[in-house]
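Worksheet for the structure shown next.
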Amino acid sequence: MKDIIDIINGVIWSNALIFLCLAAGVYFSFATKFVQIFYFREMIRLLFDGKSSEKGVSSFQAFAIAISGRVGTGNIAGVATAIAMGGPGAIFWMWVIAFLGASSAFIESTLGQLYKEVNDGVYRGGPAYYIEKGLGIKWYAMVFAFATILSTVLFLPGVQSNSIALSVNNAFDIPVHYTGMIVTFFLGLIIIGGVKRISKVAEIVVPFMALAYILMAVIIIFMNITEVPAVFALIIKSAFNLEATFSGVFGMAIAWGVKRGIYSNEAGQGTAPHAAAAAEVSHPVKQGLVQSFSVYVDTLFVCTATALMILFTGQFNVINPDGGFIVENLPGVPFGPEFTQYAIGTHFPSIGKGFIAFSLLFFAFTTIMAYYFIAEANLSYLTRNKSSKWAVRILQLAILGATFYGAIKTAEIAWTLGDIGVGMMAWLNIIAILMLRKPAFIAFEDYKRQRKAGKDPVFIAKENGIENTDLWK
């Protein structure tokens with residue numbers, strides 16, 4: 001089984017997907033005249049603009065749901081894995097894919113808003129919706145919906161619960177199956193409440209967890225402030241094969257930086273448009289900008305904080321592709337959240353392991369919540385207002401089962417299955433948004449025109465020549 005999983009992962013995550021992700025980010029950056037730079041202040045302004053309604057959540061709640069999905073195991077264990085497989089240079093390529101991916105996130109989230117509809121009494125949207133309504137290719141939309149349900153219900157939750165269980169076991173010596181049962185129980189209480197309960201929990205938990213983690217990172221950075229230039233130099237030199245120690249993993253640095261960057265920030269993957277579509281806004285571009293900002297929060301803030309803590313303290317290993325280790329500072333710990341636990345433990349021995357265990361608990365738990373939200377949106381697409389209570393119950397039982405199973409299986413299989421899930425969605429979604437780029441560009445031009453005229457932009461699809469956008473009349 002492991003060999004089959006590895007073969008599938010190798011096919012999906014070939015160099016072609018890495019090139020596609022980078023090329024799409026470059027194209028959208030130039031096509032939008034670098035929206036991720038010149039509209040940064042607008043992103044911040046819009047973050048707290050707008051209110052929720054009976055059908056939709058507020059901009060900030062949608063942002064919080066998206067951050068729930070983006071900020072998770074990838075920010076702690078994923079960064080450690082990138083360093084272990086590609087050396088410090090992998091962090092630079094995570095930054096690159098985050099910067100470029102912010103433009104891809106803007107496009108996909110704007111499209112998610114443009115083509116949303118009301119299903120089950122609430123706003124629903126995402127790639128399946130914009131593929132069918134924008135491209136007119138229903139079979140493609142259905143393939144994406146099925147692939148996303150498969151990924152977010154069966155493949156991806158295991159990565160999150162596995163990291164929670166391992167970090168709790170490492171910190172408190174609690175058996176993984178006990179942690180799995182507790183996480184599964186509380187997840188069940190939340191997802192049964194539906195979209196509104198998920199958004200409320202995310203709105204409260206996400207800011208708390210992100211600020212606490214970044215505060216710890218800032219403290220450690222100030223304790224090592226004199227080493228900051230050297231660590232950044234190490235990252236950049238390793239990224240361009242100028243550091244002899246890590247020359248053997250130069251190619252791996254690019255591959256793993258992009259792979260873990262996409263896994264962490266989800267830009268272009270097709271998950272964030274589901275949250276974007278749920279927001280109540282007057283113009284699709286508003287939520288596109290807000291979701292673009294969430295990529296920065298995820299990678300440039302949280303992932304960088306993790307990387308600096310690990311590299312400052314030297315609590316990492318780098319695996320040699322030919323066998324053995326290039327660097328082995330932690331014997332018996334090839335990769336995983338333990339890197340970050342040992343890094344914090346270097347400065348705060350009494351709380352290091354426990355702090356990361358609790359951080360991962362919040363990060364990963366909210367990510368699984370977001371996965372359920374995405375899965376339900378795609379199930380709603382497939383059933384389209386038909387009675388689907390039994391299907392929702394099956395979905396809930398399946399994600400609860402996968403969450404518990406993920407907690408007790410090996411980390412290597414969990415991560416490989418997670419990569420397969422991310423890769424499947426990324427292939428399908430990036431091709432779709434490249435084909436459907438024009439409506440997003442038209443909406444962006446309309447937004448800029450109204451802002452320049454001093455208006456609070458309101459979108460009317462007919463005036464912009466965009467069809468099949470029923471909610472923008």
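Lettering and numbering for the structure tokens are positional, with chains as A, B, ... in the shown order, residues counted from 1 in each chain, and ligands counted from 1 in the shown order.
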If we count only C-alpha atoms, what is near A:Phe339 at a cut-off of 7 Å, once residues fewer than 5 positions away on the same chain are taken out, given as an mmCIF file with C-alpha atoms, in the first residue's frame?
```cif
data_model
loop_
_atom_site.group_PDB
_atom_site.id
_atom_site.type_symbol
_atom_site.label_atom_id
_atom_site.label_comp_id
_atom_site.auth_asym_id
_atom_site.auth_seq_id
_atom_site.Cartn_x
_atom_site.Cartn_y
_atom_site.Cartn_z
ATOM 1 C CA ALA A 80 10.236 21.387 9.729
ATOM 2 C CA ILE A 310 14.338 26.246 14.322
ATOM 3 C CA GLN A 315 17.324 22.027 16.302
ATOM 4 C CA PHE A 316 16.938 20.344 12.906
#
```
Please return as a PyMOL selection string: the residues of stretch 192-405 of chain A that backbone DSSP assigns to strand (DSSP E). chain A and resi 317-319+325-328
DSSP-assigned helix (DSSP H, G or I) among stretch 28-227 of chain A, expressed as a PyMOL selection string: chain A and resi 28-31+35-38+40-47+59-70+73-86+89-114+127-135+138-155+157-172+176-191+194-223+225-227
Shell around stretch 262-271 of chain A at 8 Å using only C-alpha atoms, local window under 5 positions removed, as a PyMOL selection string: chain A and resi 21+69-75+78+94+97-98+101-102+104-105+108+126-127+295+298-299+374+419+422-423+425-427+429-430
Just the selected residues (C-alpha atoms), exported as a PDB file, in the first residue's frame, please.
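Result file follows (selection_6.pdb):
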```pdb
ATOM      1  CA  CYS A  21       2.130  26.753  -9.598  1.00  0.00           C
ATOM      2  CA  GLY A  69      -7.523  26.134   6.676  1.00  0.00           C
ATOM      3  CA  ARG A  70      -4.226  27.818   5.854  1.00  0.00           C
ATOM      4  CA  VAL A  71      -2.680  28.017   9.334  1.00  0.00           C
ATOM      5  CA  GLY A  72      -2.274  24.447  10.518  1.00  0.00           C
ATOM      6  CA  THR A  73       0.205  21.618  10.684  1.00  0.00           C
ATOM      7  CA  GLY A  74       1.973  22.989   7.613  1.00  0.00           C
ATOM      8  CA  ASN A  75       3.130  25.995   9.646  1.00  0.00           C
ATOM      9  CA  GLY A  78       5.408  21.380   7.419  1.00  0.00           C
ATOM     10  CA  MET A  94       8.193  29.019   0.528  1.00  0.00           C
ATOM     11  CA  ILE A  97       5.399  30.756  -3.650  1.00  0.00           C
ATOM     12  CA  ALA A  98       3.581  32.784  -0.965  1.00  0.00           C
ATOM     13  CA  GLY A 101       0.514  32.710  -4.680  1.00  0.00           C
ATOM     14  CA  ALA A 102      -1.096  35.790  -3.129  1.00  0.00           C
ATOM     15  CA  SER A 104      -3.435  33.382  -7.457  1.00  0.00           C
ATOM     16  CA  ALA A 105      -5.406  33.497  -4.180  1.00  0.00           C
ATOM     17  CA  GLU A 108      -9.555  32.259  -7.229  1.00  0.00           C
ATOM     18  CA  GLY A 126     -15.858  27.472  -4.889  1.00  0.00           C
ATOM     19  CA  PRO A 127     -14.070  25.991  -7.894  1.00  0.00           C
ATOM     20  CA  VAL A 295      -1.572  34.042   2.395  1.00  0.00           C
ATOM     21  CA  ASP A 298       0.150  32.170   6.876  1.00  0.00           C
ATOM     22  CA  THR A 299       3.572  32.033   5.218  1.00  0.00           C
ATOM     23  CA  ILE A 374     -15.076  22.838   2.209  1.00  0.00           C
ATOM     24  CA  ASP A 419       0.213  15.722  -0.448  1.00  0.00           C
ATOM     25  CA  VAL A 422      -3.395  18.930  -2.148  1.00  0.00           C
ATOM     26  CA  GLY A 423      -1.871  18.008  -5.505  1.00  0.00           C
ATOM     27  CA  MET A 425      -6.979  19.944  -6.125  1.00  0.00           C
ATOM     28  CA  ALA A 426      -4.092  22.184  -7.237  1.00  0.00           C
ATOM     29  CA  TRP A 427      -3.905  20.592 -10.708  1.00  0.00           C
ATOM     30  CA  ASN A 429      -8.018  24.433  -9.844  1.00  0.00           C
ATOM     31  CA  ILE A 430      -4.977  26.185 -11.313  1.00  0.00           C
TER      32      ILE A 430
END
```
In Å, with one decimal, what is the gap from atom CA of A:Thr184 to atom CA of A:Met142?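 Between atom CA of A:Thr184 and atom CA of A:Met142 the gap is 28.8 Å.
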Please report the interatomic distance between atom CA of A:Gly314 and atom CA of A:Phe358 in Å with one decimal.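 Between these atoms lies a distance of 22.4 Å.
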Contacts of A:Ala212 within 12 Å, only C-alpha atoms, excl. fewer than 6 positions in-chain, as a PyMOL selection string: chain A and resi 205-206+218-219+302+305+355-356+358-360+362-363
Dump N, CA and C atoms for the selected residues as a short mmCIF file (atom, residue, chain, number, x, y, z; two decimals), in the first residue's frame?
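Wrote it out as out_13.cif, contents follow:
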```cif
data_model
loop_
_atom_site.label_atom_id
_atom_site.label_comp_id
_atom_site.auth_asym_id
_atom_site.auth_seq_id
_atom_site.Cartn_x
_atom_site.Cartn_y
_atom_site.Cartn_z
N VAL A 205 -11.11 31.62 17.87
CA VAL A 205 -9.89 30.84 18.10
C VAL A 205 -8.72 31.31 17.24
N VAL A 206 -8.98 31.62 15.95
CA VAL A 206 -7.89 31.91 15.01
C VAL A 206 -7.02 33.10 15.45
N VAL A 218 8.41 36.00 18.35
CA VAL A 218 9.04 37.33 18.46
C VAL A 218 9.97 37.38 19.67
N ILE A 219 9.55 36.78 20.78
CA ILE A 219 10.40 36.74 21.99
C ILE A 219 11.71 36.02 21.68
N VAL A 302 3.63 33.40 10.00
CA VAL A 302 3.67 32.21 10.86
C VAL A 302 4.77 31.22 10.44
N ALA A 305 8.17 32.62 11.22
CA ALA A 305 8.41 32.56 12.67
C ALA A 305 8.92 31.17 13.06
N PHE A 355 3.94 23.98 24.80
CA PHE A 355 3.46 25.12 24.03
C PHE A 355 3.17 24.72 22.59
N ILE A 356 4.07 23.97 21.98
CA ILE A 356 3.86 23.53 20.60
C ILE A 356 2.70 22.54 20.52
N PHE A 358 0.01 22.51 22.37
CA PHE A 358 -1.23 23.29 22.42
C PHE A 358 -1.42 24.12 21.14
N SER A 359 -0.31 24.67 20.62
CA SER A 359 -0.40 25.43 19.38
C SER A 359 -0.90 24.55 18.24
N LEU A 360 -0.30 23.36 18.14
CA LEU A 360 -0.73 22.44 17.09
C LEU A 360 -2.17 22.00 17.29
N PHE A 362 -4.65 23.76 18.47
CA PHE A 362 -5.53 24.80 17.94
C PHE A 362 -5.38 24.94 16.43
N PHE A 363 -4.12 24.98 15.95
CA PHE A 363 -3.88 25.17 14.52
C PHE A 363 -4.53 24.05 13.71
#
```
Just the residues within 8 Å of A:Ala171, please, counting only C-alpha atoms, with nothing from its chain fewer than 5 positions along; format it as a PyMOL selection string. chain A and resi 353-354+357
Can you write just those residues out, N, CA and C atoms, as a PDB file, in the first residue's frame?
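Result written to part.pdb:
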```pdb
ATOM      1  N   LYS A 353       7.828  21.988  24.766  1.00  0.00           N
ATOM      2  CA  LYS A 353       7.055  20.901  24.163  1.00  0.00           C
ATOM      3  C   LYS A 353       5.551  21.116  24.346  1.00  0.00           C
ATOM      4  N   GLY A 354       5.165  21.552  25.539  1.00  0.00           N
ATOM      5  CA  GLY A 354       3.748  21.773  25.816  1.00  0.00           C
ATOM      6  C   GLY A 354       3.168  22.900  24.992  1.00  0.00           C
ATOM      7  N   ALA A 357       2.573  21.683  21.537  1.00  0.00           N
ATOM      8  CA  ALA A 357       1.456  20.732  21.544  1.00  0.00           C
ATOM      9  C   ALA A 357       0.125  21.472  21.539  1.00  0.00           C
TER      10      ALA A 357
END
```
Which residue out of A:Ala275, A:Ile344, A:Val96, A:Leu22 has the minimum interatomic distance to A:Ile65 when only C-alpha atoms are used?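 When distances to A:Ile65 are compared using only C-alpha atoms, the smallest one comes from A:Ala275.
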Which is closest to A:Ala239 among A:Val122, A:Phe373, A:Ala255, A:Trp93, if we use only C-alpha atoms?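 Ranked by minimum distance to A:Ala239, first place goes to A:Trp93.
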Best match for closeness to A:Ala461 among A:Leu100, A:Ile76, A:Ile433, A:Ala443, counting only C-alpha atoms: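 Looking at the shortest contact to A:Ala461, the residue is A:Ala443.
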Distance query A:Phe63 at most 7 Å, only C-alpha atoms, self and fewer than 4 positions along chain excluded, as a VMD selection string: chain A and resid 59 67 290 to 291 294
Expected file: the selected residues, N, CA and C atoms, as a PDB file, in the first residue's frame:
```pdb
ATOM      1  N   SER A  59     -16.798  39.555   6.314  1.00  0.00           N
ATOM      2  CA  SER A  59     -15.493  39.422   5.656  1.00  0.00           C
ATOM      3  C   SER A  59     -14.469  38.823   6.605  1.00  0.00           C
ATOM      4  N   ILE A  67      -8.139  31.324   7.125  1.00  0.00           N
ATOM      5  CA  ILE A  67      -6.929  31.192   7.935  1.00  0.00           C
ATOM      6  C   ILE A  67      -6.948  29.871   8.699  1.00  0.00           C
ATOM      7  N   VAL A 290      -9.117  40.345   0.626  1.00  0.00           N
ATOM      8  CA  VAL A 290      -9.008  39.862   2.005  1.00  0.00           C
ATOM      9  C   VAL A 290      -8.363  38.479   2.035  1.00  0.00           C
ATOM     10  N   GLN A 291      -8.783  37.605   1.124  1.00  0.00           N
ATOM     11  CA  GLN A 291      -8.219  36.249   1.099  1.00  0.00           C
ATOM     12  C   GLN A 291      -6.761  36.258   0.650  1.00  0.00           C
ATOM     13  N   SER A 294      -4.568  36.717   3.587  1.00  0.00           N
ATOM     14  CA  SER A 294      -4.421  35.544   4.456  1.00  0.00           C
ATOM     15  C   SER A 294      -3.213  34.700   4.081  1.00  0.00           C
TER      16      SER A 294
END
```
Top pick for closest residue to A:Thr346, considering A:Tyr372, A:Tyr213, A:Phe28, A:Phe312 and counting only C-alpha atoms: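 Nearest to A:Thr346: A:Phe312.
You can rank A:Phe250, A:Tyr123, A:Ile394, A:Thr179 by their closest distance to A:Asn320 using only C-alpha atoms, and at the top of that list sits A:Phe250.
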What is the atom CA of A:Leu114-atom CA of A:Ala272 distance in Å, reported with one decimal?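 Between these atoms lies a distance of 13.9 Å.
Closest approach to A:His274 from the set A:Asn317, A:Thr226, A:Ser109, A:Thr148 is made by A:Ser109, with distances taken over only C-alpha atoms.
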